[in-house]
Amino acid sequence: MASPRSGDPDSPAALHAGPTSPVPGDVGIPRLAQGSRSRRLWDPLPLVFLAMVLRVAIAEDSFLVREGLRQLLAAAPEVEVVAVCGDAHSLVEAIEADAPDVVLSDVRMPPFREHEGIGVAARLRETHPEIGVVILSQYADPDYAFELFEYGSEGRAYLLKERVGNLGELVAAIEAVAEGRSVIDAKIIDLLMAERSRSAASPLDELTAREREVLTEVAIGKSNAAIAASLFLTKRAVEKHINSIFMKLNLRESEDTSRRVKAALIYLADGGSRVPLPET
């Protein structure tokens, strides 16, 4: 039997020989011989596990709050701040340039100081549906939450700015929306529940199992046609279930907020798919 040639890259000697000269930066890491065609399963290589870091863009017109958020998140290893913006226009540009996983935005910003943050969140549903949005607001007003969740709760959070000092709560909300979940500030839920208790609205317990399934689909922003396809119902049956839900929840059509949005938020407030914030 012929002995292996010394120049054969697949010979046992070549496979165990390692590089002929040391490479700067190689500290005791075994390497395949130069010229070998494939890596053997038994090659001892170090295993490196990298935790996913979420890329976050901050939008806030107040310099002090903006810098405070940036410095606060700098202490969170789970998060990397990739953009800091002072108005809605800069935020839109940063989204295209820096591709964040999550946008952390104020409700009101220049140019009009109305509800630009929520407007950007709505636009992202169409242009970048994979990007989560956390809205920070100083207003404990359910109407802003209604507007944010109008096209579905998936990947959206509404928090009051008083939460900003708690890094754990803020990071929990960022992680939640990145995973497609939703978060609503506890004070907003308290207001919703108080409003329900003052009215003659029936609790969700009065809904049938099928109506709860339909309401779950409504809460994530699906159209009647999409709900029908998901639950194997006709569109007429879906409309019938939704009208029954509205009646049982005592939801009447109003000029400012649709019954569909209110029903979705009542569902979330009742523990539907809301993500609980960590206790402080």
# chains A, B, ... in the order shown; residues from 1 in each chain; ligands from 1
$ residues_around --residues "Glu116 (chain A)" --least-positions-apart "5" --cutoff "7 Å" --atoms "only C-alpha atoms" --output "PyMOL selection string"
chain A and resi 88+107-109
$ select_by_dssp --residues "region 57-221 of chain A" --states "strand (DSSP E or B)" --output "count of residues only"
29
$ closest_atom_pairs --of "region 85-172 of chain A" --to "region 56-76 of chain A" --cutoff "8 Å" --atoms "only C-alpha atoms" --output "Markdown table"
| residue | atom | partner | partner_atom | distance |
| --- | --- | --- | --- | --- |
| A:Cys85 | CA | A:Ala59 | CA | 4.6 |
| A:Gly86 | CA | A:Asp61 | CA | 4.4 |
| A:Asp87 | CA | A:Asp61 | CA | 5.9 |
| A:Ala88 | CA | A:Ala59 | CA | 7.3 |
| A:Leu91 | CA | A:Ala59 | CA | 6.2 |
| A:Ala94 | CA | A:Ala57 | CA | 7.4 |
| A:Ile95 | CA | A:Ala57 | CA | 7.4 |
| A:Pro100 | CA | A:Val56 | CA | 5.2 |
| A:Asp101 | CA | A:Val56 | CA | 6.0 |
| A:Val102 | CA | A:Val56 | CA | 4.9 |
| A:Val103 | CA | A:Ala57 | CA | 4.9 |
| A:Leu104 | CA | A:Ile58 | CA | 4.8 |
| A:Ser105 | CA | A:Ala59 | CA | 4.6 |
| A:Asp106 | CA | A:Glu60 | CA | 5.3 |
| A:Met109 | CA | A:Asp61 | CA | 5.6 |
| A:Pro110 | CA | A:Asp61 | CA | 7.1 |
| A:Val164 | CA | A:Leu69 | CA | 7.4 |
| A:Leu167 | CA | A:Leu72 | CA | 6.8 |
| A:Val171 | CA | A:Ala76 | CA | 7.6 |
$ write_last_selection --atoms "N, CA and C atoms" --output "PDB file, in the first residue's frame"
ATOM      1  N   CYS A  85     -33.789  61.515  16.828  1.00  0.00           N
ATOM      2  CA  CYS A  85     -34.405  62.521  15.960  1.00  0.00           C
ATOM      3  C   CYS A  85     -35.244  63.496  16.781  1.00  0.00           C
ATOM      4  N   GLY A  86     -35.399  64.720  16.228  1.00  0.00           N
ATOM      5  CA  GLY A  86     -36.160  65.733  16.927  1.00  0.00           C
ATOM      6  C   GLY A  86     -37.489  66.075  16.295  1.00  0.00           C
ATOM      7  N   ASP A  87     -37.798  65.460  15.137  1.00  0.00           N
ATOM      8  CA  ASP A  87     -39.073  65.734  14.474  1.00  0.00           C
ATOM      9  C   ASP A  87     -39.465  64.549  13.603  1.00  0.00           C
ATOM     10  N   ALA A  88     -40.694  64.583  13.115  1.00  0.00           N
ATOM     11  CA  ALA A  88     -41.225  63.455  12.352  1.00  0.00           C
ATOM     12  C   ALA A  88     -40.491  63.253  11.033  1.00  0.00           C
ATOM     13  N   LEU A  91     -37.305  61.494  11.592  1.00  0.00           N
ATOM     14  CA  LEU A  91     -37.567  60.104  11.957  1.00  0.00           C
ATOM     15  C   LEU A  91     -37.806  59.254  10.710  1.00  0.00           C
ATOM     16  N   ALA A  94     -34.558  58.603   9.098  1.00  0.00           N
ATOM     17  CA  ALA A  94     -33.736  57.669   9.873  1.00  0.00           C
ATOM     18  C   ALA A  94     -34.226  56.233   9.705  1.00  0.00           C
ATOM     19  N   ILE A  95     -35.518  56.044   9.586  1.00  0.00           N
ATOM     20  CA  ILE A  95     -36.059  54.695   9.389  1.00  0.00           C
ATOM     21  C   ILE A  95     -35.525  54.098   8.095  1.00  0.00           C
ATOM     22  N   PRO A 100     -34.210  50.540  11.781  1.00  0.00           N
ATOM     23  CA  PRO A 100     -34.391  50.105  13.180  1.00  0.00           C
ATOM     24  C   PRO A 100     -35.385  48.954  13.284  1.00  0.00           C
ATOM     25  N   ASP A 101     -35.274  48.203  14.373  1.00  0.00           N
ATOM     26  CA  ASP A 101     -36.268  47.166  14.672  1.00  0.00           C
ATOM     27  C   ASP A 101     -37.480  47.776  15.367  1.00  0.00           C
ATOM     28  N   VAL A 102     -37.215  48.849  16.127  1.00  0.00           N
ATOM     29  CA  VAL A 102     -38.267  49.489  16.926  1.00  0.00           C
ATOM     30  C   VAL A 102     -38.099  51.004  16.865  1.00  0.00           C
ATOM     31  N   VAL A 103     -39.217  51.711  16.787  1.00  0.00           N
ATOM     32  CA  VAL A 103     -39.234  53.169  16.877  1.00  0.00           C
ATOM     33  C   VAL A 103     -39.828  53.544  18.230  1.00  0.00           C
ATOM     34  N   LEU A 104     -39.116  54.409  18.944  1.00  0.00           N
ATOM     35  CA  LEU A 104     -39.569  54.923  20.238  1.00  0.00           C
ATOM     36  C   LEU A 104     -39.868  56.398  20.025  1.00  0.00           C
ATOM     37  N   SER A 105     -41.162  56.767  20.018  1.00  0.00           N
ATOM     38  CA  SER A 105     -41.530  58.102  19.565  1.00  0.00           C
ATOM     39  C   SER A 105     -42.491  58.806  20.508  1.00  0.00           C
ATOM     40  N   ASP A 106     -42.346  60.124  20.555  1.00  0.00           N
ATOM     41  CA  ASP A 106     -43.310  60.980  21.235  1.00  0.00           C
ATOM     42  C   ASP A 106     -44.593  61.031  20.403  1.00  0.00           C
ATOM     43  N   MET A 109     -44.892  66.053  17.824  1.00  0.00           N
ATOM     44  CA  MET A 109     -43.568  66.538  17.405  1.00  0.00           C
ATOM     45  C   MET A 109     -43.761  67.570  16.298  1.00  0.00           C
ATOM     46  N   PRO A 110     -42.711  68.342  16.014  1.00  0.00           N
ATOM     47  CA  PRO A 110     -42.771  69.206  14.846  1.00  0.00           C
ATOM     48  C   PRO A 110     -42.981  68.343  13.592  1.00  0.00           C
ATOM     49  N   VAL A 164     -40.729  56.382  31.756  1.00  0.00           N
ATOM     50  CA  VAL A 164     -39.406  56.479  31.144  1.00  0.00           C
ATOM     51  C   VAL A 164     -38.284  56.236  32.141  1.00  0.00           C
ATOM     52  N   LEU A 167     -36.042  51.618  33.442  1.00  0.00           N
ATOM     53  CA  LEU A 167     -35.417  50.981  32.283  1.00  0.00           C
ATOM     54  C   LEU A 167     -36.037  49.616  31.995  1.00  0.00           C
ATOM     55  N   VAL A 171     -37.557  48.685  28.338  1.00  0.00           N
ATOM     56  CA  VAL A 171     -36.973  47.609  27.536  1.00  0.00           C
ATOM     57  C   VAL A 171     -38.001  46.498  27.305  1.00  0.00           C
TER      58      VAL A 171
END
$ residues_around --residues "Glu130 (chain A)" --least-positions-apart "3" --cutoff "10 Å" --atoms "only C-alpha atoms" --output "list in words"
Pro100, Asp101, Val102, Leu124, Arg125, Glu126, Thr127, Val133, Glu154, Gly155, Val177, Ala178, Glu179 and Gly180 of chain A
